[in-house]
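Have a look at structure-v5.txt; it's compact mmCIF, C-alpha atoms:
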```
# COMPACT_ATOMS: atom_id res chain seq x y z
CA MET A 1 -68.47 -0.05 43.20
CA ARG A 2 -66.63 -2.82 41.51
CA PHE A 3 -68.32 -1.93 38.23
CA ARG A 4 -67.18 1.68 38.53
CA LEU A 5 -63.61 0.57 39.12
CA MET A 6 -63.71 -1.72 36.08
CA ALA A 7 -65.27 1.02 33.95
CA LEU A 8 -62.63 3.50 35.09
CA LEU A 9 -59.90 0.98 34.32
CA GLY A 10 -61.42 0.31 30.86
CA VAL A 11 -61.60 4.03 30.06
CA LEU A 12 -58.03 4.47 31.24
CA MET A 13 -56.88 1.62 28.99
CA LEU A 14 -58.70 3.14 26.02
CA CYS A 15 -57.00 6.44 26.66
CA VAL A 16 -53.55 4.90 26.95
CA SER A 17 -53.81 2.53 23.95
CA PRO A 18 -53.31 5.22 21.26
CA PHE A 19 -50.02 6.21 22.89
CA SER A 20 -48.78 2.64 22.87
CA LEU A 21 -49.76 2.23 19.21
CA SER A 22 -47.98 5.39 18.19
CA ARG A 23 -44.82 4.18 19.96
CA GLU A 24 -44.88 0.95 17.98
CA GLN A 25 -45.47 2.86 14.78
CA ALA A 26 -42.69 5.29 15.68
CA TYR A 27 -40.41 2.36 16.44
CA GLY A 28 -41.20 0.89 13.02
CA GLN A 29 -40.45 4.20 11.35
CA SER A 30 -37.27 4.51 13.37
CA ALA A 31 -36.17 1.09 12.11
CA GLN A 32 -36.93 2.19 8.53
CA VAL A 33 -34.93 5.37 9.02
CA ASP A 34 -32.05 3.35 10.53
CA ASN A 35 -32.11 1.00 7.53
CA ALA A 36 -32.08 3.98 5.17
CA ARG A 37 -29.19 5.57 7.09
CA THR A 38 -27.19 2.33 7.00
CA ALA A 39 -27.75 1.93 3.27
CA LEU A 40 -26.76 5.56 2.74
CA LEU A 41 -23.49 5.06 4.63
CA GLN A 42 -22.69 1.90 2.65
CA ALA A 43 -23.41 3.70 -0.62
CA PHE A 44 -21.16 6.58 0.47
CA ALA A 45 -18.31 4.15 1.21
CA LEU A 46 -18.74 2.51 -2.20
CA VAL A 47 -18.68 5.89 -3.96
CA GLN A 48 -15.44 6.71 -2.14
CA GLU A 49 -14.00 3.38 -3.26
CA ALA A 50 -15.00 4.11 -6.86
CA ASP A 51 -13.28 7.47 -6.59
CA LEU A 52 -10.12 5.84 -5.24
CA GLN A 53 -10.19 3.27 -8.06
CA GLY A 54 -9.96 6.12 -10.57
CA ALA A 55 -13.52 6.62 -11.81
CA SER A 56 -14.10 9.72 -13.92
CA LEU A 57 -15.14 12.99 -12.35
CA SER A 58 -18.49 12.99 -14.17
CA GLN A 59 -19.37 9.53 -12.85
CA ILE A 60 -18.42 10.47 -9.29
CA SER A 61 -20.41 13.70 -9.62
CA GLN A 62 -23.50 11.77 -10.73
CA LEU A 63 -23.14 9.34 -7.83
CA ALA A 64 -22.66 12.22 -5.39
CA ASP A 65 -25.85 13.87 -6.66
CA SER A 66 -27.74 10.63 -6.05
CA LEU A 67 -26.26 10.41 -2.55
CA ASN A 68 -27.28 13.99 -1.81
CA LEU A 69 -30.85 13.26 -2.88
CA ALA A 70 -30.91 10.10 -0.75
CA LEU A 71 -29.58 12.12 2.18
CA HIS A 72 -32.34 14.69 1.65
CA TYR A 73 -34.95 11.91 1.76
CA GLU A 74 -33.35 10.44 4.88
CA GLU A 75 -33.36 13.83 6.62
CA ASN A 76 -37.04 14.29 5.75
CA ALA A 77 -37.78 10.82 7.08
CA THR A 78 -35.94 11.60 10.30
CA GLY A 79 -37.53 15.00 10.82
CA LEU A 80 -41.06 14.19 9.70
CA GLY A 81 -41.17 10.52 10.56
CA SER A 82 -42.13 9.71 6.99
CA ALA A 83 -41.87 6.06 6.04
CA ILE A 84 -42.24 6.99 2.37
CA ASP A 85 -39.14 9.19 2.46
CA ALA A 86 -37.25 6.48 4.35
CA ASN A 87 -38.13 3.96 1.64
CA ARG A 88 -37.16 6.43 -1.11
CA SER A 89 -33.83 7.01 0.61
CA LEU A 90 -33.26 3.27 1.00
CA GLN A 91 -34.07 2.54 -2.64
CA LEU A 92 -31.96 5.40 -3.96
CA SER A 93 -29.05 4.45 -1.69
CA ASN A 94 -29.19 0.84 -2.89
CA ALA A 95 -29.33 1.93 -6.53
CA THR A 96 -26.40 4.29 -5.98
CA ALA A 97 -24.42 1.52 -4.29
CA VAL A 98 -24.96 -0.78 -7.28
CA GLN A 99 -23.89 1.98 -9.68
CA ALA A 100 -20.83 2.73 -7.53
CA LEU A 101 -19.81 -0.94 -7.60
CA SER A 102 -20.18 -1.01 -11.37
CA VAL A 103 -18.16 2.19 -11.82
CA SER A 104 -15.51 0.93 -9.40
CA ASN A 105 -15.14 -2.36 -11.24
CA ALA A 106 -14.91 -0.59 -14.60
CA ALA A 107 -12.27 1.79 -13.24
CA ARG A 108 -10.30 -1.11 -11.74
CA THR A 109 -10.44 -2.99 -15.06
CA GLN A 110 -9.28 0.11 -16.95
CA SER A 111 -6.45 0.60 -14.47
CA VAL A 112 -5.27 -3.00 -14.92
CA PHE A 113 -5.46 -2.62 -18.71
CA ASP A 114 -3.45 0.62 -18.57
CA GLN A 115 -0.80 -1.00 -16.37
CA ALA A 116 -0.55 -4.04 -18.64
CA SER A 117 -0.19 -1.77 -21.68
CA ALA A 118 2.54 0.27 -19.99
CA TYR A 119 4.48 -2.84 -18.94
CA SER A 120 4.18 -4.34 -22.43
CA LEU A 121 5.43 -1.14 -24.01
CA ALA A 122 8.36 -1.06 -21.55
CA VAL A 123 9.31 -4.67 -22.38
CA VAL A 124 9.15 -4.00 -26.14
CA ALA A 125 11.24 -0.85 -25.73
CA GLY A 126 13.77 -2.81 -23.66
CA PHE A 127 14.10 -5.53 -26.28
CA GLY A 128 14.37 -2.93 -29.03
CA SER A 129 17.14 -1.02 -27.29
CA ALA A 130 19.03 -4.24 -26.47
CA LEU A 131 18.76 -5.35 -30.08
CA SER A 132 19.94 -1.99 -31.39
CA VAL A 133 22.97 -2.01 -29.05
CA LEU A 134 23.92 -5.53 -30.05
CA GLU A 135 23.47 -4.97 -33.77
CA VAL A 136 24.83 -1.42 -34.14
CA HIS A 137 27.85 -2.69 -36.05
CA ARG A 138 25.57 -4.09 -38.75
CA PHE A 139 23.90 -0.71 -39.10
CA ASN A 140 27.31 0.88 -39.62
CA ASN A 141 28.08 -1.67 -42.35
CA ILE A 142 24.77 -0.98 -44.10
CA VAL A 143 25.40 2.78 -43.99
CA ARG A 144 28.91 2.27 -45.36
CA LYS A 145 27.59 0.15 -48.25
CA ILE A 146 24.98 2.75 -49.14
CA ARG A 147 27.66 5.46 -49.22
CA MET A 148 29.86 3.31 -51.41
CA ARG A 149 27.01 2.82 -53.92
CA ARG A 150 26.42 6.55 -54.11
CA ILE A 151 30.09 7.21 -54.73
CA ARG A 152 30.19 4.61 -57.54
CA LEU A 153 27.10 6.06 -59.16
CA GLU A 154 28.57 9.53 -59.38
```
Here is the file; what I need is its structure written in the form of structure tokens.
Amino acid sequence: MRFRLMALLGVLMLCVSPFSLSREQAYGQSAQVDNARTALLQAFALVQEADLQGASLSQISQLADSLNLALHYEENATGLGSAIDANRSLQLSNATAVQALSVSNAARTQSVFDQASAYSLAVVAGFGSALSVLEVHRFNNIVRKIRMRRIRLE
């Protein structure tokens, strides 16, 4: 009788073990999908930052296309439980995040350069106008001398 009870318990454990293994595997896939989702959200935030920094429309469009593809992979990974799609989404999200950082930095640098150029031009224009106001009497004298030369030549 004891043998039958042990055999029944052994068979029951064999029947239950595949369910416990699939839960662990599903948990591992869930963690991969969560990692992919987190990377996708971070990449999205970086693309938004690049857009706010003034990146060109074509660059933002390219980054958005990459994000859409990564989202497609993440949705497939969620729906099908595919670790391959989760890894693809994670890799594409990370690559998009790096590109977004690069584009954002380039846009920020261009913005600083444009501001410095505008301020420099404003300072030069200010000095030029101040100089012209202070020296306008000399210009009048030069014009008067040129007129006098023309009159003498005639």
Grab all the atoms of segment 57-60 of chain A that the file lists, wrap them in a box along x, y and z, add 6 Å per side, and give me centre plus edge lengths in Å (one decimal) as JSON.
```
{"center_x": -17.3, "center_y": 11.3, "center_z": -11.7, "size_x": 16.2, "size_y": 15.5, "size_z": 16.9}
```
Any idea what the distance is between atom CA of Arg37 of chain A and atom CA of Leu90 of chain A?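 Separation of atom CA of Arg37 of chain A and atom CA of Leu90 of chain A: 7.7 Å.
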Quick one: everything within 10 Å of segment 104-119 of chain A, counting only C-alpha atoms, minus sequence neighbours fewer than 2 positions away in the same chain. Send it as a ChimeraX atom specification. /A:46-56,60,98-102,121-125
From atom CA of Ser58 of chain A to atom CA of Ala95 of chain A the spacing works out at 17.3 Å
What's the separation between atom CA of Ala43 of chain A and atom CA of Thr96 of chain A, in Å to one decimal place? 6.2 Å
Can you work out which one of A:Val103, A:Ala45, A:Leu134, A:Leu40 has the shortest atom-to-atom distance to Glu74 of chain A, counting all atoms listed in the file? A:Leu40
Identify which of the residues A:Ile151, A:Ala97, A:Val136, A:Ala86 lies closest to Ser30 of chain A, counting only C-alpha atoms when measuring atom-to-atom distances.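 The shortest atom-to-atom distance to Ser30 of chain A comes from A:Ala86.
Comparing A:Ile142, A:Val133, A:Ala39, A:Ala77 by their smallest distance to Gln91 of chain A, the closest is A:Ala39 (using only C-alpha atoms).
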Among the residues A:Asn68, A:Ser89, A:Asn141, A:Ser120, the one that comes closest to Thr38 of chain A [using all atoms listed in the file]: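 Under the stated criterion, the closest residue is A:Ser89.
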What would the list of residues within 7 Å of (-28.6, 7.9, -6.4) (file frame) look like as number ranges by chain, if only C-alpha atoms are what count? A: 63, 65-67, 69-70, 92-93, 95-96
